[in-house]
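Peer 1: Sending over final-v5.txt (compact mmCIF, C-alpha atoms).
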# COMPACT_ATOMS: atom_id res chain seq x y z
CA MET A 1 -20.99 -38.62 24.85
CA THR A 2 -18.07 -40.95 25.44
CA ASN A 3 -17.01 -43.79 23.15
CA ALA A 4 -19.43 -46.64 22.55
CA VAL A 5 -17.14 -49.19 24.21
CA SER A 6 -17.42 -49.10 28.00
CA PRO A 7 -13.96 -48.78 29.54
CA GLU A 8 -12.72 -51.26 32.09
CA ILE A 9 -12.17 -49.50 35.40
CA SER A 10 -8.71 -50.03 36.84
CA THR A 11 -8.82 -51.26 40.43
CA ILE A 12 -5.29 -49.97 40.94
CA LEU A 13 -6.18 -46.45 39.83
CA MET A 14 -9.36 -46.43 41.91
CA ASP A 15 -7.29 -47.51 44.91
CA LYS A 16 -5.07 -44.52 44.18
CA VAL A 17 -8.15 -42.27 44.42
CA ALA A 18 -9.00 -43.84 47.78
CA ASP A 19 -5.41 -43.35 48.97
CA TRP A 20 -5.54 -39.70 47.96
CA LEU A 21 -8.70 -39.24 50.02
CA THR A 22 -6.92 -40.68 53.04
CA HIS A 23 -3.94 -38.36 52.60
CA SER A 24 -6.23 -35.37 52.03
CA SER A 25 -8.10 -36.16 55.22
CA LEU A 26 -4.90 -36.56 57.26
CA ALA A 27 -3.58 -33.30 55.82
CA GLY A 28 -6.67 -31.51 57.11
CA ASP A 29 -7.84 -30.31 53.69
CA ASP A 30 -11.12 -28.42 53.68
CA LEU A 31 -14.23 -30.03 52.25
CA GLU A 32 -14.21 -28.03 49.02
CA THR A 33 -10.59 -28.92 48.24
CA MET A 34 -11.29 -32.56 49.01
CA VAL A 35 -14.42 -32.82 46.86
CA ARG A 36 -12.86 -31.01 43.90
CA GLY A 37 -9.71 -33.15 44.05
CA PHE A 38 -11.75 -36.32 44.41
CA CYS A 39 -13.95 -35.60 41.38
CA GLU A 40 -11.01 -34.70 39.16
CA ARG A 41 -9.10 -37.84 40.19
CA LEU A 42 -12.17 -40.02 39.76
CA ALA A 43 -12.48 -38.85 36.16
CA ALA A 44 -8.71 -39.14 35.59
CA ALA A 45 -8.82 -42.76 36.78
CA GLY A 46 -11.01 -43.63 33.81
CA MET A 47 -14.46 -43.47 35.40
CA PRO A 48 -16.71 -41.98 32.66
CA ILE A 49 -18.32 -39.64 35.15
CA ALA A 50 -19.93 -36.54 33.65
CA ARG A 51 -21.49 -35.03 36.72
CA VAL A 52 -21.23 -35.43 40.48
CA HIS A 53 -23.42 -33.83 43.12
CA LEU A 54 -22.55 -34.13 46.81
CA SER A 55 -24.25 -32.59 49.83
CA PHE A 56 -23.08 -32.55 53.43
CA SER A 57 -25.03 -31.51 56.50
CA MET A 58 -23.08 -29.03 58.62
CA LEU A 59 -23.59 -28.52 62.33
CA HIS A 60 -23.17 -24.75 62.18
CA PRO A 61 -25.03 -21.98 64.05
CA LEU A 62 -25.61 -20.09 60.78
CA TYR A 63 -25.46 -22.58 57.90
CA ASP A 64 -27.15 -25.94 57.69
CA ALA A 65 -25.69 -27.64 54.61
CA LEU A 66 -23.12 -27.41 51.85
CA GLY A 67 -23.68 -28.63 48.30
CA PHE A 68 -21.07 -29.32 45.60
CA THR A 69 -21.86 -29.85 41.91
CA TRP A 70 -18.99 -30.95 39.66
CA GLU A 71 -19.32 -31.25 35.88
CA ARG A 72 -16.61 -32.59 33.63
CA GLY A 73 -14.84 -29.73 31.90
CA SER A 74 -16.76 -27.06 33.84
CA GLY A 75 -15.32 -27.32 37.34
CA MET A 76 -17.32 -27.21 40.54
CA ARG A 77 -20.10 -25.04 41.97
CA VAL A 78 -20.49 -24.66 45.75
CA GLU A 79 -23.65 -23.75 47.62
CA GLY A 80 -24.12 -22.95 51.29
CA PHE A 81 -27.31 -21.41 52.59
CA ARG A 82 -29.03 -20.49 55.80
CA GLN A 83 -32.22 -22.10 56.96
CA LYS A 84 -35.42 -20.26 56.13
CA PRO A 85 -38.78 -21.53 57.38
CA GLY A 86 -41.32 -22.10 54.64
CA GLN A 87 -43.25 -24.64 52.63
CA SER A 88 -41.98 -27.73 50.85
CA SER A 89 -40.89 -27.20 47.27
CA ASP A 90 -43.00 -29.20 44.83
CA ARG A 91 -39.92 -29.67 42.67
CA PHE A 92 -37.99 -31.01 45.62
CA THR A 93 -40.72 -33.46 46.63
CA ARG A 94 -40.56 -34.80 43.06
CA SER A 95 -36.81 -35.32 43.21
CA PRO A 96 -34.80 -38.57 43.38
CA TYR A 97 -33.44 -37.54 46.77
CA TYR A 98 -36.90 -37.16 48.22
CA HIS A 99 -37.90 -40.54 46.83
CA LEU A 100 -34.74 -42.10 48.24
CA LEU A 101 -35.20 -40.59 51.70
CA THR A 102 -38.92 -41.10 52.16
CA ASN A 103 -38.59 -44.75 51.15
CA LYS A 104 -35.51 -45.20 53.36
CA LEU A 105 -33.35 -46.38 50.47
CA ASP A 106 -29.56 -46.29 50.38
CA HIS A 107 -29.33 -46.16 46.57
CA LEU A 108 -31.52 -45.22 43.64
CA ARG A 109 -30.51 -45.91 40.03
CA ARG A 110 -32.29 -44.81 36.86
CA ARG A 111 -31.44 -45.12 33.20
CA ILE A 112 -32.29 -41.81 31.51
CA ASP A 113 -35.09 -42.39 29.02
CA TYR A 114 -35.04 -39.86 26.18
CA SER A 115 -38.15 -41.26 24.50
CA GLY A 116 -40.74 -40.23 27.08
CA PRO A 117 -41.48 -37.80 29.93
CA SER A 118 -38.96 -37.63 32.78
CA GLU A 119 -39.71 -39.40 36.03
CA PHE A 120 -38.04 -36.60 37.99
CA PRO A 121 -37.61 -32.93 36.98
CA ILE A 122 -33.83 -33.11 37.38
CA PHE A 123 -33.72 -35.63 34.54
CA ASP A 124 -34.74 -32.89 32.09
CA ASP A 125 -31.58 -31.01 33.06
CA LEU A 126 -29.48 -34.17 32.84
CA LYS A 127 -30.76 -34.86 29.32
CA GLU A 128 -29.28 -31.53 28.22
CA LEU A 129 -25.89 -32.86 29.37
CA GLY A 130 -26.34 -36.13 27.49
CA ILE A 131 -26.57 -38.19 30.70
CA THR A 132 -27.49 -41.82 30.16
CA ASP A 133 -27.36 -43.29 33.67
CA TYR A 134 -27.91 -41.81 37.15
CA MET A 135 -27.37 -43.12 40.68
CA ALA A 136 -28.32 -41.32 43.90
CA PHE A 137 -27.20 -42.41 47.36
CA ARG A 138 -27.20 -41.44 51.02
CA HIS A 139 -24.53 -42.18 53.59
CA LEU A 140 -25.11 -41.38 57.25
CA PHE A 141 -22.16 -40.38 59.39
CA ASN A 142 -23.81 -41.57 62.59
CA ALA A 143 -26.98 -43.16 63.92
CA GLY A 144 -28.36 -39.84 65.16
CA LYS A 145 -28.84 -38.60 61.58
CA ASP A 146 -27.61 -35.11 62.43
CA GLN A 147 -24.75 -35.37 59.96
CA GLY A 148 -24.43 -37.18 56.69
CA MET A 149 -23.59 -37.19 53.00
CA MET A 150 -25.90 -37.51 50.04
CA GLY A 151 -25.08 -37.39 46.40
CA SER A 152 -25.47 -38.63 42.87
CA TRP A 153 -23.26 -39.98 40.10
CA SER A 154 -24.12 -39.35 36.44
CA THR A 155 -22.48 -40.74 33.30
CA ASP A 156 -22.86 -40.01 29.61
CA ALA A 157 -21.39 -43.36 28.54
CA PRO A 158 -23.79 -44.84 25.91
CA SER A 159 -24.20 -48.09 27.85
CA GLY A 160 -24.46 -46.34 31.22
CA PHE A 161 -22.78 -47.64 34.34
CA THR A 162 -21.40 -51.18 34.09
CA GLU A 163 -21.39 -53.56 37.05
CA GLY A 164 -17.67 -52.91 37.45
CA MET A 165 -18.25 -49.16 37.54
CA ILE A 166 -20.98 -49.48 40.14
CA ALA A 167 -18.80 -51.70 42.32
CA ALA A 168 -15.92 -49.21 42.05
CA LEU A 169 -18.18 -46.26 42.92
CA LEU A 170 -19.57 -48.05 45.96
CA ARG A 171 -16.07 -48.79 47.22
CA VAL A 172 -14.76 -45.29 46.73
CA GLN A 173 -17.99 -43.87 48.16
CA ASN A 174 -17.14 -45.42 51.53
CA HIS A 175 -13.66 -43.85 51.46
CA LEU A 176 -15.20 -40.52 50.51
CA ALA A 177 -17.65 -40.72 53.42
CA VAL A 178 -14.85 -41.31 55.95
CA ALA A 179 -12.67 -38.52 54.55
CA ALA A 180 -15.64 -36.15 54.26
CA LYS A 181 -16.69 -36.81 57.85
CA MET A 182 -13.24 -35.78 59.04
CA ALA A 183 -13.43 -32.63 56.91
CA VAL A 184 -16.91 -31.89 58.25
CA LEU A 185 -15.71 -32.30 61.83
CA ASN A 186 -12.74 -30.03 61.13
CA ARG A 187 -15.06 -27.50 59.55
CA LEU A 188 -17.38 -27.86 62.52
CA ALA A 189 -14.60 -27.03 64.98
CA ASP A 190 -13.55 -24.04 62.90
CA ASN A 191 -17.16 -22.90 62.42
CA MET A 192 -17.98 -23.10 66.10
CA LEU A 193 -14.86 -21.28 67.25
CA THR A 194 -15.10 -18.51 64.69
CA THR A 195 -18.86 -18.10 65.25
CA TYR A 196 -18.64 -17.93 69.03
CA LEU A 197 -15.17 -16.42 69.49
CA GLY A 198 -14.62 -14.46 66.30
CA ASN A 199 -12.32 -15.15 63.37
CA ASP A 200 -8.98 -14.14 64.88
CA ALA A 201 -9.64 -15.56 68.35
CA GLY A 202 -10.94 -18.79 66.84
CA LYS A 203 -7.75 -19.22 64.79
CA ARG A 204 -5.62 -18.55 67.86
CA VAL A 205 -7.43 -21.22 69.85
CA LEU A 206 -7.25 -23.74 66.98
CA SER A 207 -3.52 -23.10 66.69
CA GLY A 208 -3.02 -24.09 70.33
CA ASN A 209 -3.37 -20.80 72.20
CA ILE A 210 -5.42 -22.44 74.97
CA ARG A 211 -3.55 -21.92 78.24
CA ARG A 212 -4.89 -19.58 80.88
CA GLY A 213 -2.98 -16.31 80.79
CA GLN A 214 -1.65 -17.00 77.31
CA GLY A 215 -2.10 -14.13 74.88
CA ASP A 216 -0.64 -10.95 73.43
CA THR A 217 -0.69 -7.24 73.98
CA ILE A 218 -1.98 -5.60 70.81
CA ARG A 219 -2.92 -2.13 69.68
CA ALA A 220 -6.47 -1.74 68.43
CA ALA A 221 -9.30 0.63 67.74
CA LEU A 222 -12.02 -0.32 70.21
CA VAL A 223 -15.79 -0.18 69.94
CA MET A 224 -18.29 -0.70 72.73
CA ALA A 225 -22.02 -0.52 72.03
CA ASP A 226 -25.07 -1.09 74.19
CA MET A 227 -28.85 -1.05 73.94
CA ARG A 228 -30.80 1.46 76.00
CA GLY A 229 -33.93 0.57 77.97
CA SER A 230 -33.54 -3.16 77.46
CA THR A 231 -35.10 -4.04 80.81
CA MET A 232 -38.26 -2.12 79.97
CA LEU A 233 -38.39 -3.63 76.49
CA ALA A 234 -38.09 -7.12 77.95
CA GLU A 235 -41.00 -6.42 80.31
CA GLN A 236 -43.15 -4.89 77.58
CA GLU A 237 -42.54 -7.40 74.79
CA GLY A 238 -42.12 -10.70 76.60
CA ARG A 239 -39.28 -13.18 76.30
CA GLU A 240 -39.62 -14.38 72.70
CA ALA A 241 -40.43 -10.96 71.25
CA TYR A 242 -37.58 -9.41 73.20
CA ILE A 243 -35.06 -11.98 71.93
CA ASP A 244 -36.25 -11.23 68.39
CA THR A 245 -35.83 -7.49 69.08
CA LEU A 246 -32.35 -8.09 70.47
CA ASN A 247 -31.34 -10.01 67.35
CA GLN A 248 -32.72 -7.23 65.14
CA PHE A 249 -30.71 -4.75 67.18
CA PHE A 250 -27.50 -6.74 66.76
CA ASP A 251 -28.15 -7.26 63.03
CA ALA A 252 -28.48 -3.51 62.60
CA ILE A 253 -25.78 -2.16 64.87
CA ALA A 254 -23.18 -4.91 65.18
CA ALA A 255 -22.87 -6.26 61.62
CA PRO A 256 -20.85 -3.29 60.27
CA PHE A 257 -18.20 -3.81 62.96
CA ASN A 258 -17.55 -7.37 61.79
CA ARG A 259 -16.13 -6.25 58.43
CA ARG A 260 -13.04 -4.47 57.08
CA GLY A 261 -10.69 -5.73 59.75
CA GLY A 262 -13.18 -5.45 62.60
CA GLN A 263 -14.06 -8.36 64.86
CA ILE A 264 -16.96 -8.73 67.24
CA LEU A 265 -15.01 -10.08 70.17
CA SER A 266 -17.94 -10.84 72.44
CA PHE A 267 -21.59 -10.03 73.06
CA LEU A 268 -22.23 -8.77 76.57
CA GLY A 269 -25.93 -9.10 77.34
CA ASP A 270 -27.50 -6.45 75.14
CA GLY A 271 -24.17 -4.96 74.07
CA PHE A 272 -20.91 -5.97 72.44
CA ILE A 273 -17.24 -5.11 72.13
CA ALA A 274 -15.41 -5.04 68.82
CA VAL A 275 -11.73 -4.57 68.03
CA TYR A 276 -9.77 -3.41 64.98
CA PRO A 277 -6.24 -4.74 65.61
CA CYS A 278 -3.41 -2.68 64.15
CA ASP A 279 0.35 -2.24 64.35
CA ARG A 280 1.93 0.22 66.78
CA HIS A 281 2.47 2.92 64.18
CA ARG A 282 0.47 5.95 63.11
CA GLU A 283 -0.65 4.79 59.67
CA PRO A 284 -2.09 1.41 60.80
CA SER A 285 -3.79 3.18 63.73
CA GLU A 286 -5.35 5.68 61.32
CA ILE A 287 -6.62 2.88 59.07
CA ALA A 288 -8.13 0.99 62.02
CA CYS A 289 -9.80 4.06 63.55
CA ARG A 290 -11.23 5.22 60.23
CA ALA A 291 -12.63 1.75 59.58
CA ALA A 292 -14.26 1.77 63.02
CA LEU A 293 -15.70 5.23 62.44
CA GLY A 294 -17.05 4.21 59.04
CA ALA A 295 -18.73 1.22 60.68
CA ALA A 296 -20.19 3.52 63.35
CA PHE A 297 -21.75 5.70 60.63
CA LYS A 298 -23.22 2.60 58.97
CA ALA A 299 -24.52 1.32 62.31
CA THR A 300 -26.19 4.69 62.97
CA ALA A 301 -27.89 4.63 59.56
CA ARG A 302 -29.03 1.04 60.02
CA MET A 303 -30.45 1.81 63.45
CA SER A 304 -32.44 4.68 61.92
CA VAL A 305 -33.95 2.29 59.38
CA LEU A 306 -34.72 -0.26 62.11
CA ASN A 307 -36.44 2.33 64.29
CA GLU A 308 -38.47 3.65 61.34
CA ASN A 309 -39.71 0.12 60.69
CA ARG A 310 -40.55 -0.35 64.36
CA LYS A 311 -42.43 2.94 64.41
CA ARG A 312 -44.59 1.82 61.46
CA GLN A 313 -45.36 -1.37 63.40
CA GLY A 314 -46.39 0.60 66.47
CA LEU A 315 -43.30 -0.51 68.43
CA SER A 316 -41.10 1.63 70.63
CA GLU A 317 -37.80 3.01 69.40
CA ILE A 318 -34.58 1.25 70.40
CA GLY A 319 -32.02 3.55 71.99
CA TYR A 320 -28.32 2.83 71.88
CA GLY A 321 -24.87 4.18 72.62
CA ILE A 322 -21.50 3.64 70.91
CA GLY A 323 -18.11 4.40 72.42
CA LEU A 324 -14.94 4.68 70.27
CA HIS A 325 -11.39 4.57 71.57
CA VAL A 326 -7.89 3.38 70.64
CA GLY A 327 -5.17 1.88 72.78
CA ASN A 328 -3.17 -1.14 73.84
CA VAL A 329 -5.14 -4.12 75.05
CA MET A 330 -4.28 -7.57 76.34
CA PHE A 331 -5.79 -10.20 74.07
CA GLY A 332 -5.92 -13.77 75.35
CA ASN A 333 -7.27 -16.42 77.71
CA VAL A 334 -8.71 -15.60 81.12
CA GLY A 335 -10.90 -17.57 83.53
CA LEU A 336 -10.56 -20.89 85.30
CA ASN A 337 -8.26 -23.74 84.41
CA ASP A 338 -11.22 -25.73 83.11
CA ARG A 339 -13.41 -22.83 81.90
CA LEU A 340 -11.76 -20.16 79.78
CA THR A 341 -12.86 -17.27 77.64
CA PHE A 342 -10.84 -15.49 74.98
CA SER A 343 -11.25 -11.77 75.39
CA ALA A 344 -9.63 -8.34 75.39
CA PHE A 345 -8.99 -6.62 78.67
CA GLY A 346 -6.98 -3.79 80.14
CA SER A 347 -7.33 -0.08 80.82
CA ALA A 348 -8.25 0.83 77.24
CA VAL A 349 -11.16 -1.63 77.35
CA ASN A 350 -12.39 -0.09 80.61
CA GLU A 351 -12.10 3.39 79.09
CA VAL A 352 -14.12 2.59 75.98
CA GLN A 353 -16.83 1.12 78.22
CA ARG A 354 -16.92 4.38 80.21
CA LEU A 355 -17.11 6.37 76.96
CA GLN A 356 -20.09 4.31 75.88
CA THR A 357 -21.95 5.05 79.13
CA LEU A 358 -21.50 8.79 78.53
CA THR A 359 -24.05 8.51 75.73
CA LYS A 360 -26.59 8.32 78.56
CA LYS A 361 -25.50 11.78 79.72
CA TYR A 362 -25.19 13.42 76.30
CA PRO A 363 -27.82 13.39 73.53
CA GLN A 364 -25.31 12.02 71.00
CA ASN A 365 -25.35 8.27 70.27
CA VAL A 366 -21.66 8.11 69.31
CA ILE A 367 -18.87 9.41 71.57
CA ALA A 368 -15.14 9.08 70.96
CA SER A 369 -11.93 9.89 72.79
CA GLN A 370 -9.53 12.61 71.62
CA ASP A 371 -6.93 9.98 70.64
CA PHE A 372 -9.45 8.18 68.42
CA ALA A 373 -10.62 11.42 66.77
CA THR A 374 -7.04 12.52 66.11
CA TYR A 375 -6.23 9.32 64.23
CA CYS A 376 -9.45 9.57 62.20
CA GLY A 377 -9.13 13.18 61.15
CA GLY A 378 -12.19 14.84 59.64
CA GLY A 379 -14.77 16.94 61.42
CA TRP A 380 -15.46 16.49 65.13
CA ILE A 381 -17.57 18.35 67.67
CA THR A 382 -16.04 18.68 71.14
CA LEU A 383 -18.57 17.84 73.85
CA GLY A 384 -16.36 18.59 76.86
CA ARG A 385 -13.94 17.03 79.28
CA GLU A 386 -15.04 14.16 81.49
CA LYS A 387 -13.55 12.35 84.45
CA LEU A 388 -13.85 8.64 83.77
CA ARG A 389 -14.01 6.26 86.70
CA GLY A 390 -10.63 4.64 87.16
CA VAL A 391 -8.81 7.20 84.98
CA LYS A 392 -6.72 9.90 86.66
CA GLU A 393 -6.83 12.57 83.99
CA LYS A 394 -9.97 14.00 82.45
CA LEU A 395 -10.52 13.00 78.83
CA THR A 396 -11.72 15.24 76.03
CA ILE A 397 -14.72 13.60 74.44
CA LEU A 398 -16.00 14.29 70.95
CA HIS A 399 -18.83 13.47 68.58
CA PRO A 400 -18.28 12.94 64.83
CA ASP A 401 -19.63 15.70 62.63
CA ALA A 402 -22.76 14.36 60.91
CA THR A 403 -21.75 16.03 57.64
CA ASP A 404 -18.95 13.47 57.29
CA ILE A 405 -21.40 10.57 57.14
CA SER A 406 -22.09 11.10 53.44
CA GLU A 407 -18.39 10.68 52.70
CA GLN A 408 -18.36 7.08 53.92
CA ASP A 409 -18.65 4.56 51.10
CA ASP A 410 -21.08 1.68 51.43
CA ASP A 411 -19.27 -1.56 50.62
CA GLY A 412 -22.55 -3.40 50.16
CA THR A 413 -21.38 -6.45 52.10
CA PHE A 414 -23.64 -6.37 55.11
CA GLU A 415 -26.96 -7.60 53.84
CA ILE A 416 -27.38 -11.35 53.35
CA SER A 417 -30.01 -12.61 50.97
CA TYR A 418 -32.44 -15.15 52.35
CA ASP A 419 -34.17 -15.69 49.03
CA GLY A 420 -34.49 -19.39 48.42
CA VAL A 421 -32.81 -22.36 50.02
CA SER A 422 -30.20 -24.54 48.38
CA ASP A 423 -30.87 -28.08 47.29
CA ALA A 424 -28.22 -29.15 49.76
CA GLU A 425 -30.07 -27.60 52.64
CA GLN A 426 -33.43 -28.98 51.58
CA LEU A 427 -32.21 -32.55 51.37
CA MET A 428 -30.23 -32.35 54.61
CA LEU A 429 -33.16 -30.86 56.47
CA LEU A 430 -35.25 -33.73 55.17
CA LEU A 431 -32.55 -36.19 56.22
CA ARG A 432 -32.56 -34.75 59.75
CA ASN A 433 -36.33 -34.53 60.01
CA ASP A 434 -36.75 -38.07 58.62
CA GLY A 435 -39.77 -37.44 56.53
CA GLY A 436 -39.70 -33.83 55.42
CA ALA A 437 -41.95 -32.17 57.99
CA GLY A 438 -41.45 -28.43 57.93
CA MET A 439 -39.28 -28.42 54.83
CA ASP A 440 -38.20 -25.09 53.40
CA SER A 441 -39.30 -23.55 50.15
CA GLY A 442 -37.02 -24.18 47.21
CA ASN A 443 -35.27 -21.73 44.95
CA GLY A 444 -36.83 -23.09 41.78
CA LYS A 445 -33.86 -25.26 40.81
CA ALA A 446 -33.98 -28.96 40.26
CA VAL A 447 -32.71 -31.15 43.07
CA GLN A 448 -29.65 -33.08 42.02
So that I can check it, write out the structure of this file as C-alpha cells.
Peer 2:
Amino acid sequence: MTNAVSPEISTILMDKVADWLTHSSLAGDDLETMVRGFCERLAAAGMPIARVHLSFSMLHPLYDALGFTWERGSGMRVEGFRQKPGQSSDRFTRSPYYHLLTNKLDHLRRRIDYSGPSEFPIFDDLKELGITDYMAFRHLFNAGKDQGMMGSWSTDAPSGFTEGMIAALLRVQNHLAVAAKMAVLNRLADNMLTTYLGNDAGKRVLSGNIRRGQGDTIRAALVMADMRGSTMLAEQEGREAYIDTLNQFFDAIAAPFNRRGGQILSFLGDGFIAVYPCDRHREPSEIACRAALGAAFKATARMSVLNENRKRQGLSEIGYGIGLHVGNVMFGNVGLNDRLTFSAFGSAVNEVQRLQTLTKKYPQNVIASQDFATYCGGGWITLGREKLRGVKEKLTILHPDATDISEQDDDGTFEISYDGVSDAEQLMLLLRNDGGAGMDSGNGKAVQ
C-alpha cells in the first residue's frame, strides 16, 4: 500500500494530463496508446491509482468492444472479442458494472471491506491487490447509446480516495471521454475501410487516394474463387440457411487468402478475388505465387472438412473452383464521381476469372496458368491448352500435384477462438441493450 498520509493532488499536474490527452487526440493516436499514456501520466501526476479498467464500445463489423486493464507496475492488458450469443454470466450480473447500468447510475463508489464477504466478486480480486477504494463510472458518447466508455478507478491508499482525488478524477474523466471518442471514431473509420475494402486498399483510401481513376499498376499473384451450384442451394435451403452456408463457405475457402501478404480485395456474390502484391522481379513474384498456392492447398483442405461436416448433417456438398494467375493489374478507384469502389482490374484479372471458370470443364478444383506454375516451382500436372475469351493466344493450364500438399506448413493463424466473451463486450452489450436482454455468456473472469 501507499503511505498513510494522503497526498494532495496537484491541479497543475492534472491539467497537464488533460493537455496531453488533447494533444494525443489531435495527433490521431490509437486508443491503446492513448489509454496506456493516460494511465501512466495519471500515476506520475501523484494520483495514488493502483488499477484502472476502461472499456469502449466499438462500431465494428467483427468486434463489439475493447477493454483495457492497467495495473501500477504491471503495464496494461488489452481485450477485444467478437460477439457470441449465449446466456448471461452470473458473475457479470453480480458485478458493479451491472449494478451501475441496471440502476441507471453514472457513478458507483465502494470502500473495500476486508472484514466480511465481498459485495461483488471482483472485490475478492481487488483485495489481493490491496485495494482500499473503488469507483465505477459510465460515460455515454451520444444519446443513442451505441457508443460509450465505462470504467473503474481503484486505489490502495490507506484512506482511499479523498474528495480532492475524486474531483480530479471526474475532471480528467471528461477529458478522457472526449479524447477517447475521437480515437474510437478514428478506429471506426479504419475498421470499416479495412473490413470492407481490405487492409491495403483501406490504408490507401485513408491516406487520400479517393479520386476516380486514381491508383497504381502493380504486379500480383491473383486468386479467383467461386461456389458451384449456389442457385440450387439457395432454392433448397432458403434465404437464412443459404446465407449461413455462404458464410461457412467463405470461412473455409477465403480465410487462407487473407494471410501472408494476401488480401481479399472484394467478394463477388458467392465468389471473391484476392491479390498478393509483389515487386516486378522474379524473387518477389515467386514468394507471392508460392504464398497463394499454399493458401489454395489450405483452402482445399478446409473445404474437405466443411463438406465432411455437411455430409454428416445430411446436407449437400459445396462445390467450388479456384483460379491462380500472376500479372500486372491496375489497382485503384473506379465508378461514378459520387459512388466509387476500390478494386483491381485489367487483362490479368479477366484471365484469372476465365481460369476459374475452367474448373467447371475439368474435374480439378484448382487450375493455374503456366506463368503462375513456373514461379511456384514444384510438381504440376498439365491439363491442356485452352483458348480464353478475350485472349489471343491459347494458355497452358495446369493443376498442382496433390503430393505437394503435405509440404505446405500450417501457420495455425486461421482459426479464431469464440470461447468466452470479454468483460468489455459484456458490459457494452448491456449498455447498448439497456437492461441486459440477450447478454452473452462470460469467460469466468470477474467484471472490472
Peer 1: Between atom CA of Ala167 of chain A and atom CA of Met135 of chain A, what is the distance, to one decimal in Å?
Peer 2: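 So the answer is 12.2 Å.
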Peer 1: Write out as number ranges by chain each polymer residue whose atoms come within 10 Å of segment 119-127 of chain A, counting all atoms listed in the file; drop sequence neighbours fewer than 2 positions from it.
Peer 2: A: 50-51, 91-97, 99, 110-114, 116-117, 129-134, 154-156, 445-448
Peer 1: Out of A:Ala225, A:Leu31, A:Met165, A:Leu306, which residue has the shortest atom-to-atom distance to Gln353 of chain A when counting all atoms listed in the file?
Peer 2: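 Ranking A:Ala225, A:Leu31, A:Met165, A:Leu306 by distance to Gln353 of chain A, first place goes to A:Ala225.
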Peer 1: Rounded to one decimal in Å, what is the spacing between atom CA of Ser152 of chain A and atom CA of Gly46 of chain A?
Peer 2: 17.8 Å
Peer 1: Given the choices A:Gly327, A:Pro48, A:Pro158, A:Gly73, which gets closest to Gln370 of chain A if the distance is worked out from all atoms listed in the file?
Peer 2: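 The closest residue to Gln370 of chain A is A:Gly327.
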Peer 1: Find the residue from A:Ala183, A:Cys376, A:Leu355, A:Val275 that sits nearest to Leu395 of chain A; use all atoms listed in the file when measuring.
Peer 2: A:Leu355
Peer 1: Just the number, please: distance in Å from atom CA of Met303 of chain A to atom CA of Ala373 of chain A, one decimal.
Peer 2: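 Those two atoms sit 22.3 Å apart.
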Peer 1: Choose the residue, out of A:Arg228, A:Lys392, A:Arg219, A:Arg36, that has the smallest atom-to-atom separation from Gly319 of chain A; count only C-alpha atoms.
Peer 2: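 Nearest candidate to Gly319 of chain A out of A:Arg228, A:Lys392, A:Arg219, A:Arg36: A:Arg228.
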Peer 1: Around the point (-28.2, 6.5, 70.2), in the coordinates given by the file, pick out the residues reaching within 7 Å, counting only C-alpha atoms, and return them as a list of chain:residue names.
Peer 2: A:Gly319, A:Tyr320, A:Gly321, A:Gln364, A:Asn365, A:Val366
Peer 1: Using all atoms listed in the file, find the one residue out of A:Ala274, A:Leu101, A:Ile218, A:Ile318 that sits nearest to Thr245 of chain A.
Peer 2: A:Ile318
Peer 1: Near Ala179 of chain A, counting all atoms listed in the file, which residues have an atom at most 12 Å away, once you skip same-chain residues fewer than 4 positions from it, shown as number ranges by chain?
Peer 2: A: 17-35, 38, 141, 149, 172-175, 183-186
